[in-house]
>>> print(open('coords_18.cif').read())   # mmCIF, C-alpha atoms
data_my_file
loop_
_atom_site.label_atom_id
_atom_site.label_comp_id
_atom_site.auth_asym_id
_atom_site.auth_seq_id
_atom_site.Cartn_x
_atom_site.Cartn_y
_atom_site.Cartn_z
CA HIS A 33 -8.32 -25.33 -10.18
CA TRP A 34 -6.79 -21.90 -10.08
CA GLY A 35 -8.15 -19.63 -12.75
CA ARG A 36 -6.74 -16.27 -13.75
CA ARG A 37 -9.26 -14.29 -11.71
CA LYS A 38 -8.61 -16.34 -8.56
CA LEU A 39 -4.84 -15.88 -8.96
CA LEU A 40 -5.27 -12.11 -9.39
CA LEU A 41 -7.61 -11.87 -6.36
CA THR A 42 -5.38 -14.00 -4.13
CA GLY A 43 -2.22 -12.19 -5.20
CA SER A 44 -3.61 -8.69 -4.64
CA ALA A 45 -5.21 -9.70 -1.32
CA LEU A 46 -1.93 -11.16 -0.03
CA GLN A 47 -0.06 -8.06 -1.21
CA ALA A 48 -2.48 -5.80 0.69
CA LEU A 49 -2.30 -8.04 3.76
CA SER A 50 1.50 -8.15 3.78
CA MET A 51 1.72 -4.35 3.51
CA ALA A 52 -0.85 -4.02 6.34
CA VAL A 53 1.26 -6.33 8.54
CA ILE A 54 4.40 -4.28 7.90
CA THR A 55 2.51 -1.02 8.56
CA TRP A 56 1.07 -2.46 11.76
CA SER A 57 4.35 -3.93 13.00
CA SER A 58 6.37 -0.79 12.29
CA ARG A 59 3.93 1.30 14.36
CA LEU A 60 2.98 -1.02 17.20
CA LEU A 61 6.14 -3.09 17.58
CA PRO A 62 8.99 -0.69 16.81
CA GLN A 63 11.30 -2.02 19.53
CA CYS A 64 10.24 -5.67 19.37
CA ARG A 65 12.89 -8.23 18.42
CA LEU A 66 10.46 -9.86 15.98
CA THR A 67 9.85 -6.72 13.91
CA GLY A 68 12.70 -7.51 11.52
CA LEU A 69 11.52 -11.09 11.02
CA ILE A 70 7.92 -9.93 10.50
CA THR A 71 9.06 -7.33 7.96
CA VAL A 72 11.24 -9.74 5.97
CA THR A 73 8.53 -12.41 5.99
CA SER A 74 5.88 -9.91 4.88
CA PHE A 75 8.06 -8.56 2.06
CA THR A 76 8.68 -12.14 0.93
CA VAL A 77 4.92 -12.81 0.91
CA PHE A 78 4.42 -9.57 -1.05
CA VAL A 79 6.97 -10.51 -3.72
CA VAL A 80 5.78 -14.11 -4.05
CA SER A 81 2.12 -13.09 -4.26
CA PHE A 82 2.95 -10.45 -6.88
CA SER A 83 4.90 -13.00 -8.91
CA ALA A 84 2.08 -15.55 -8.79
CA GLY A 85 -0.71 -13.03 -9.36
CA LEU A 86 -0.30 -9.64 -10.95
CA GLY A 87 3.20 -10.22 -12.29
CA ALA A 88 2.41 -13.35 -14.29
CA VAL A 89 -1.31 -13.31 -14.99
CA THR A 90 -1.68 -9.67 -16.08
CA TRP A 91 0.03 -10.11 -19.45
CA LEU A 92 -1.79 -13.34 -20.20
CA TYR A 93 -5.12 -11.75 -19.29
CA LEU A 94 -4.42 -8.66 -21.39
CA SER A 95 -3.59 -10.80 -24.41
CA GLU A 96 -6.93 -12.57 -23.99
CA ILE A 97 -9.26 -9.61 -23.60
CA TYR A 98 -8.31 -7.60 -26.67
CA PRO A 99 -9.59 -8.53 -30.12
CA MET A 100 -6.98 -9.69 -32.61
CA GLU A 101 -7.45 -6.55 -34.71
CA ILE A 102 -6.15 -4.25 -31.97
CA ARG A 103 -4.22 -6.69 -29.77
CA GLY A 104 -0.76 -5.52 -30.84
CA ALA A 105 -1.48 -1.82 -30.40
CA ALA A 106 -3.36 -2.41 -27.15
CA LEU A 107 -0.56 -4.50 -25.63
CA SER A 108 1.96 -1.86 -26.70
CA ALA A 109 -0.07 0.81 -24.92
CA CYS A 110 -0.32 -1.43 -21.85
CA GLY A 111 3.46 -1.90 -21.90
CA VAL A 112 4.05 1.85 -21.97
CA ILE A 113 1.59 2.38 -19.11
CA ASN A 114 3.29 -0.41 -17.15
CA TRP A 115 6.76 1.14 -17.52
CA MET A 116 5.44 4.61 -16.64
CA SER A 117 3.78 3.17 -13.54
CA CYS A 118 7.02 1.45 -12.53
CA PHE A 119 8.88 4.73 -12.91
CA ILE A 120 6.33 6.54 -10.72
CA VAL A 121 6.54 3.84 -8.03
CA VAL A 122 10.35 3.90 -7.92
CA PHE A 123 10.46 7.70 -8.00
CA ALA A 124 7.78 8.19 -5.33
CA ALA A 125 9.16 5.52 -2.99
CA ARG A 126 12.41 7.47 -2.64
CA PHE A 127 10.52 10.24 -0.83
CA MET A 128 8.62 7.99 1.57
CA GLY A 129 9.71 6.03 4.60
CA LEU A 130 8.94 2.37 5.25
CA HIS A 131 5.65 3.07 7.00
CA ALA A 132 4.36 5.50 4.35
CA SER A 133 5.46 3.26 1.46
CA CYS A 134 3.83 0.16 2.90
CA LYS A 135 0.65 2.04 3.77
CA THR A 136 0.44 3.56 0.27
CA PHE A 137 1.17 0.31 -1.58
CA GLY A 138 -1.16 -1.60 0.74
CA ILE A 139 -4.00 0.78 -0.10
CA ILE A 140 -3.20 0.53 -3.82
CA SER A 141 -3.18 -3.28 -3.54
CA PHE A 142 -6.54 -3.24 -1.75
CA VAL A 143 -8.07 -0.93 -4.38
CA GLY A 144 -6.66 -3.30 -7.02
CA PHE A 145 -8.29 -6.24 -5.23
CA ALA A 146 -11.64 -4.43 -5.23
CA GLY A 147 -11.28 -3.56 -8.92
CA ILE A 148 -10.41 -7.15 -9.82
CA TYR A 149 -13.34 -8.44 -7.77
CA LEU A 150 -15.80 -6.04 -9.41
CA TRP A 151 -14.64 -5.94 -13.03
CA VAL A 152 -12.36 -8.83 -13.98
CA ILE A 153 -14.09 -11.91 -15.35
CA GLU A 154 -12.63 -15.40 -15.45
CA THR A 155 -11.08 -16.29 -18.79
CA LYS A 156 -9.94 -19.81 -17.94
CA GLY A 157 -11.10 -22.10 -20.73
CA CYS A 158 -12.02 -19.23 -23.08
CA SER A 159 -10.64 -19.21 -26.59
CA MET A 160 -7.89 -16.67 -27.26
CA ASP A 161 -8.88 -16.40 -30.89
CA ASP A 162 -11.86 -14.41 -32.07
CA SER A 163 -14.28 -17.30 -32.04
CA PRO A 164 -17.93 -16.79 -31.13
CA LEU A 165 -17.28 -18.85 -27.99
CA SER A 166 -15.22 -16.09 -26.41
CA PRO A 167 -17.30 -13.98 -24.01
CA LEU A 168 -14.68 -11.25 -24.12
CA THR A 169 -14.63 -10.30 -27.78
CA PRO A 170 -17.90 -11.28 -29.41
CA ARG A 171 -17.96 -10.58 -33.13
CA SER A 172 -21.53 -9.30 -32.99
CA ALA A 173 -20.56 -6.31 -30.86
CA ARG A 174 -17.38 -5.68 -32.86
CA SER A 175 -19.12 -5.66 -36.21
CA THR A 176 -20.67 -2.27 -35.44
CA SER A 177 -17.41 -0.65 -34.35
CA SER A 178 -15.34 1.13 -36.97
CA LEU A 179 -12.31 0.94 -34.68
CA LEU A 180 -12.51 -2.84 -34.27
CA THR A 181 -13.38 -3.72 -37.85
CA PRO A 182 -10.49 -5.35 -39.73
CA THR A 183 -8.88 -3.21 -42.42
CA GLU A 184 -9.70 -5.60 -45.25
CA VAL A 185 -13.41 -5.49 -44.34
CA LYS A 186 -13.33 -1.68 -44.41
CA GLU A 187 -11.64 -1.71 -47.82
CA GLN A 188 -14.26 -4.12 -49.22
CA GLU A 189 -17.09 -1.93 -47.90
CA VAL A 190 -15.55 1.16 -49.54
CA LEU A 191 -15.13 -0.67 -52.86
CA SER A 192 -18.68 -2.04 -52.81
CA HIS A 193 -20.21 1.44 -52.36
#
>>> encode(input="coords_18.cif", output="structure tokens")
Amino acid sequence: HWGRRKLLLTGSALQALSMAVITWSSRLLPQCRLTGLITVTSFTVFVVSFSAGLGAVTWLYLSEIYPMEIRGAALSACGVINWMSCFIVVFAARFMGLHASCKTFGIISFVGFAGIYLWVIETKGCSMDDSPLSPLTPRSARSTSSLLTPTEVKEQEVLSH
């Protein structure tokens, strides 16, 4: 019974843990014969946990939390932010060594875990449409927002006044 929130929490926790293991092993076991095996295993855990958590669930979760009226624009903005973040990661990693990279990405993964724990709610079983059953996009709260009001509703209001 793995929900989206549990997958995100587990993935980010395993990412932070794998980066901590690499950081620890590169400092405390630099000459040990097992350092290479520990590093490869930890990187594998990092990639697998990203693929099962943040890599897969993020886009599904984002498509669920935005109301239909702004979903396309919101997902486009998220895509741009995602590509800009990827560029920053690739660019910054070139100037860091293994220890600094793993320490930085481990801290980012831990902060992500804390953010997911504090602010991400479970959406498993919630309707993706704009039904009143969805706790994410209740119509009652959207009806007062000019940004989230559908265009045809705005046009009808203008014509009726």
>>> closest_residue(input="coords_18.cif", among="A:Leu94, A:Met51, A:Val79, A:Cys110", to="Ser133 (chain A)", atoms="all atoms listed in the file")
A:Met51
>>> resolve_selection(input="coords_18.cif", expression="the PyMOL selection byres ((chain A and resi 58) around 10)", output="list of chain:residue names")
A:Ala52, A:Val53, A:Ile54, A:Thr55, A:Trp56, A:Ser57, A:Arg59, A:Leu60, A:Leu61, A:Pro62, A:Gln63, A:Cys64, A:Thr67, A:Gly68, A:Ile70, A:Thr71, A:Leu130, A:His131, A:Cys134
>>> atom_distance(input="coords_18.cif", atom1="CA of Ala84 (chain A)", atom2="CA of Ala125 (chain A)")
23.0 Å
>>> atom_distance(input="coords_18.cif", atom1="CA of Leu107 (chain A)", atom2="CA of Ser95 (chain A)")
7.1 Å
>>> atom_distance(input="coords_18.cif", atom1="CA of Val89 (chain A)", atom2="CA of Leu41 (chain A)")
10.8 Å
>>> resolve_selection(input="coords_18.cif", expression="the PyMOL selection byres ((chain A and resi 144) around 12)", output="PyMOL selection string")
chain A and resi 40-48+82+85-86+137-143+145-152
>>> write_last_selection(input="coords_18.cif", atoms="C-alpha atoms", output="PDB file, in the coordinates of the input")
ATOM      1  CA  LEU A  40      -5.270 -12.110  -9.390  1.00  0.00           C
ATOM      2  CA  LEU A  41      -7.610 -11.870  -6.360  1.00  0.00           C
ATOM      3  CA  THR A  42      -5.380 -14.000  -4.130  1.00  0.00           C
ATOM      4  CA  GLY A  43      -2.220 -12.190  -5.200  1.00  0.00           C
ATOM      5  CA  SER A  44      -3.610  -8.690  -4.640  1.00  0.00           C
ATOM      6  CA  ALA A  45      -5.210  -9.700  -1.320  1.00  0.00           C
ATOM      7  CA  LEU A  46      -1.930 -11.160  -0.030  1.00  0.00           C
ATOM      8  CA  GLN A  47      -0.060  -8.060  -1.210  1.00  0.00           C
ATOM      9  CA  ALA A  48      -2.480  -5.800   0.690  1.00  0.00           C
ATOM     10  CA  PHE A  82       2.950 -10.450  -6.880  1.00  0.00           C
ATOM     11  CA  GLY A  85      -0.710 -13.030  -9.360  1.00  0.00           C
ATOM     12  CA  LEU A  86      -0.300  -9.640 -10.950  1.00  0.00           C
ATOM     13  CA  PHE A 137       1.170   0.310  -1.580  1.00  0.00           C
ATOM     14  CA  GLY A 138      -1.160  -1.600   0.740  1.00  0.00           C
ATOM     15  CA  ILE A 139      -4.000   0.780  -0.100  1.00  0.00           C
ATOM     16  CA  ILE A 140      -3.200   0.530  -3.820  1.00  0.00           C
ATOM     17  CA  SER A 141      -3.180  -3.280  -3.540  1.00  0.00           C
ATOM     18  CA  PHE A 142      -6.540  -3.240  -1.750  1.00  0.00           C
ATOM     19  CA  VAL A 143      -8.070  -0.930  -4.380  1.00  0.00           C
ATOM     20  CA  PHE A 145      -8.290  -6.240  -5.230  1.00  0.00           C
ATOM     21  CA  ALA A 146     -11.640  -4.430  -5.230  1.00  0.00           C
ATOM     22  CA  GLY A 147     -11.280  -3.560  -8.920  1.00  0.00           C
ATOM     23  CA  ILE A 148     -10.410  -7.150  -9.820  1.00  0.00           C
ATOM     24  CA  TYR A 149     -13.340  -8.440  -7.770  1.00  0.00           C
ATOM     25  CA  LEU A 150     -15.800  -6.040  -9.410  1.00  0.00           C
ATOM     26  CA  TRP A 151     -14.640  -5.940 -13.030  1.00  0.00           C
ATOM     27  CA  VAL A 152     -12.360  -8.830 -13.980  1.00  0.00           C
TER      28      VAL A 152
END
>>> closest_residue(input="coords_18.cif", among="A:Lys135, A:Ser50, A:Gly111, A:Arg126", to="Val80 (chain A)", atoms="all atoms listed in the file")
A:Ser50
>>> residues_around(input="coords_18.cif", residues="Asn114 (chain A)", least_positions_apart="4", cutoff="12 Å", atoms="all atoms listed in the file", output="list in words")
Leu86, Gly87, Thr90, Trp91, Leu107, Ser108, Ala109, Cys110, Cys118, Phe119, Ile120 and Val121 of chain A
>>> closest_residue(input="coords_18.cif", among="A:Met128, A:Met116, A:Leu39, A:Ile153", to="Ser81 (chain A)", atoms="only C-alpha atoms")
A:Leu39
>>> closest_residue(input="coords_18.cif", among="A:Ile102, A:Leu49, A:Arg65, A:Glu154", to="Val77 (chain A)", atoms="all atoms listed in the file")
A:Leu49
